[in-house]
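Trainee: Provided herewith is a single structure, encoded as structure tokens, for subsequent inquiry.
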Amino acid sequence: MRVLLIGANGYLGRFVADRLLADPAVQLTALGRGDDADVRFDLASGSPGALTRFLDAVHPGVVINCAGATRGGARELTRHNTVAVATVCEALRRSGCGARLVQIGCSAEYGPSQPGSSTAEDAVPRPGGPYGVSKLAATELVLGSGLDAVVLRVFSPAGPGTPAGSPLGRLAEAMRRAMQSGDGELKLGGLGVQRDFVDVRDVARAVHAASLSAAQGVINIGSGRAVRLRDAAAVLARVAGYGGALHELDAPPGPLRGTIGHPRGDSDHAAPVAYPYPDGCGSWQQADVRTARDRLGWRPRINLEESLADIWMEAACRI
């Protein structure tokens with residue numbers, strides 16, 4: 001099976017590539033903006049016609065799109081998350097390859113959820129920020145394209161390779177700094193937020209399963225369990241061997257910010273510590289993952305403690 005993977009060098013894409021390369025039945029080609037891609041192509045600025053010519057030459061059976069942007073203004077997010085997907089869909093419609101499309105969506109498309117609830121695929125999306133809007137627009141383009149396509153709405157990925165700017169990455173970095181300085185107290189903010197964490201390697205398994213399946217539409221990929229960030233911090237402290245005290249700071253009113261914490265001894269005038277999830281999803285998200293089980297035969301295998309241990313191992317290497 002010939003697979004074209006877009007965004008192989010990204011956080012999710014690297015693990016998807018590893019999973020596909022482990023399958024001897026897969027012939028993988030990576031397309032991206034970096035020099036190490038098999039084919040260099042910028043979806044945000046490249047034309048559908050140019051991509052069509054490449055598809056006709058390679059003739060993949062499956063196209064997996066892991067590319068996209070998580071940061072930036074509305075214009076940049078729209079270019080990389082929406083315009084890029086429009087290019088992929090149009091190129092596939094023009095091409096004679098007949099490839100199946102696996103698009104990586106995200107839980108920010110849903111927006112805030114009722115605390116205690118599990119969000120199923122038939123929930124009405126109400127994204128609370130430009131990132132979620134740009135990803136939802138991409139999903140609608142895929143679903144309306146007439147292609148053989150599936151969108152995997154990934155909840156909060158965790159595990160090795162977690163970006164340092166992500167909530168769990170910032171948490172690990174704050175703990176690393178506290179341990180490096182011998183600080184016995186760590187101040188953290190926004191720990192009441194609850195998210196559905198799913199290991200990035202389990203996400204890669206889901207992408208692999210989706211590429212082999214005939215499932216279409218939207219499928220949630222998560223653990224099916226919301227975890228309070230306060231509890232994740234306690235687990236991380238345990239696996240890190242941090243014996244200091246964790247003090248939670250109340251979030252100030254106003255716009256959500258991305259700072260997660262600072263160790264004792266920082267200036268009293270340090271930046272406000274607030275909710276570490278400026279994703280427009282409110283205080284709670286939990287996936288209903290029954291569709292993934294029923295249509296992909298997929299279940300998460302890696303628990304959060306293992307994911308956090310791998311995040312900490314990478315952070316500890318910077319001590």
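How things are named: the first chain in the structure tokens is A, the next is B, and so on; residues count from 1 in each chain; ligands count from 1 in the order shown.
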Any chance you could tabulate, as a tab-separated table, the residues of range 210-230 of chain A at most 12 Å from range 161-180 of chain A with each one's nearest atom pair and distance in Å to one decimal, using only C-alpha atoms, in chain and rising number order?
Mentor:
```
residue	atom	partner	partner_atom	distance
A:Arg228	CA	A:Leu168	CA	11.8
A:Leu229	CA	A:Leu168	CA	8.5
A:Arg230	CA	A:Leu171	CA	10.3
```
Trainee: Take the residues from that selection and write them out as a PDB file, in the first residue's frame, keeping all heavy atoms.
Mentor:
```
ATOM      1  N   ARG A 228      -7.962  15.956  35.652  1.00  0.00           N
ATOM      2  CA  ARG A 228      -7.668  17.306  36.124  1.00  0.00           C
ATOM      3  C   ARG A 228      -6.161  17.537  36.047  1.00  0.00           C
ATOM      4  O   ARG A 228      -5.364  16.669  36.402  1.00  0.00           O
ATOM      5  CB  ARG A 228      -8.154  17.469  37.558  1.00  0.00           C
ATOM      6  CG  ARG A 228      -8.304  18.903  38.016  1.00  0.00           C
ATOM      7  CD  ARG A 228      -8.836  18.965  39.440  1.00  0.00           C
ATOM      8  NE  ARG A 228     -10.112  18.268  39.570  1.00  0.00           N
ATOM      9  CZ  ARG A 228     -11.293  18.828  39.347  1.00  0.00           C
ATOM     10  NH1 ARG A 228     -11.360  20.095  38.971  1.00  0.00           N
ATOM     11  NH2 ARG A 228     -12.406  18.135  39.501  1.00  0.00           N
ATOM     12  N   LEU A 229      -5.775  18.703  35.558  1.00  0.00           N
ATOM     13  CA  LEU A 229      -4.352  18.997  35.419  1.00  0.00           C
ATOM     14  C   LEU A 229      -3.649  18.946  36.773  1.00  0.00           C
ATOM     15  O   LEU A 229      -2.462  18.629  36.850  1.00  0.00           O
ATOM     16  CB  LEU A 229      -4.160  20.366  34.760  1.00  0.00           C
ATOM     17  CG  LEU A 229      -2.784  20.607  34.123  1.00  0.00           C
ATOM     18  CD1 LEU A 229      -2.469  19.562  33.075  1.00  0.00           C
ATOM     19  CD2 LEU A 229      -2.699  22.001  33.534  1.00  0.00           C
ATOM     20  N   ARG A 230      -4.366  19.227  37.836  1.00  0.00           N
ATOM     21  CA  ARG A 230      -3.806  19.110  39.186  1.00  0.00           C
ATOM     22  C   ARG A 230      -3.344  17.676  39.457  1.00  0.00           C
ATOM     23  O   ARG A 230      -2.283  17.444  40.030  1.00  0.00           O
ATOM     24  CB  ARG A 230      -4.856  19.517  40.212  1.00  0.00           C
ATOM     25  CG  ARG A 230      -4.391  19.449  41.659  1.00  0.00           C
ATOM     26  CD  ARG A 230      -5.540  19.734  42.607  1.00  0.00           C
ATOM     27  NE  ARG A 230      -6.179  21.018  42.340  1.00  0.00           N
ATOM     28  CZ  ARG A 230      -7.440  21.169  41.960  1.00  0.00           C
ATOM     29  NH1 ARG A 230      -8.231  20.105  41.804  1.00  0.00           N
ATOM     30  NH2 ARG A 230      -7.946  22.368  41.741  1.00  0.00           N
TER      31      ARG A 230
END
```
Trainee: Near Arg205 in chain A, counting only C-alpha atoms, which residues have an atom at most 9 Å away, once you skip same-chain residues fewer than 3 positions from it, shown as a PyMOL selection string?
Mentor: chain A and resi 15-16+19-20+200-202+208-210+298+300
Trainee: Generate a file of the selected residues that holds N, CA and C atoms, formatted as a tab-separated table (two decimals), in the first residue's frame.
Mentor:
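Wrote it out as out-v7.tsv, contents follow:
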```tsv
chain	number	residue	atom	x	y	z
A	15	PHE	N	5.34	10.25	14.81
A	15	PHE	CA	4.93	8.96	15.35
A	15	PHE	C	4.08	8.18	14.35
A	16	VAL	N	3.31	8.90	13.56
A	16	VAL	CA	2.57	8.23	12.49
A	16	VAL	C	3.54	7.62	11.49
A	19	ARG	N	5.05	4.48	12.91
A	19	ARG	CA	4.07	3.38	12.90
A	19	ARG	C	3.92	2.80	11.50
A	20	LEU	N	3.86	3.65	10.49
A	20	LEU	CA	3.69	3.17	9.12
A	20	LEU	C	4.95	2.46	8.63
A	200	VAL	N	0.46	9.94	22.25
A	200	VAL	CA	0.71	10.17	20.83
A	200	VAL	C	0.94	8.87	20.08
A	201	ARG	N	1.47	7.85	20.75
A	201	ARG	CA	1.67	6.56	20.08
A	201	ARG	C	0.35	5.84	19.84
A	202	ASP	N	-0.60	6.05	20.74
A	202	ASP	CA	-1.94	5.51	20.51
A	202	ASP	C	-2.63	6.26	19.37
A	208	HIS	N	-3.10	4.69	11.68
A	208	HIS	CA	-2.80	3.47	10.90
A	208	HIS	C	-4.07	2.66	10.67
A	209	ALA	N	-4.86	2.48	11.73
A	209	ALA	CA	-6.11	1.72	11.60
A	209	ALA	C	-7.08	2.41	10.65
A	210	ALA	N	-7.15	3.74	10.73
A	210	ALA	CA	-8.07	4.48	9.86
A	210	ALA	C	-7.66	4.38	8.40
A	298	TRP	N	-10.15	0.18	17.59
A	298	TRP	CA	-9.07	0.86	18.30
A	298	TRP	C	-9.46	1.17	19.73
A	300	PRO	N	-7.31	2.93	23.37
A	300	PRO	CA	-6.04	3.43	23.89
A	300	PRO	C	-5.38	2.36	24.76
```
Trainee: My list of candidates is A:Ser117, A:Val39, A:Val142, A:Pro60. Which is closest to Thr82 in chain A when distances are computed with only C-alpha atoms?
Mentor: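 Counting only C-alpha atoms, the residue closest to Thr82 in chain A is A:Val142.
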Trainee: Contacts of range 120-128 of chain A at 10 Å or less, counting only C-alpha atoms, minus same-chain residues fewer than 4 places along, as a ChimeraX atom specification?
Mentor: /A:107-113,132-136,153,217-220,278-282,286-291
Trainee: Figure out the distance between CA of Asp38 in chain A and CA of Ala57 in chain A, please, to one decimal in Å.
Mentor: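 Going from CA of Ala57 in chain A over to CA of Asp38 in chain A covers 13.8 Å.
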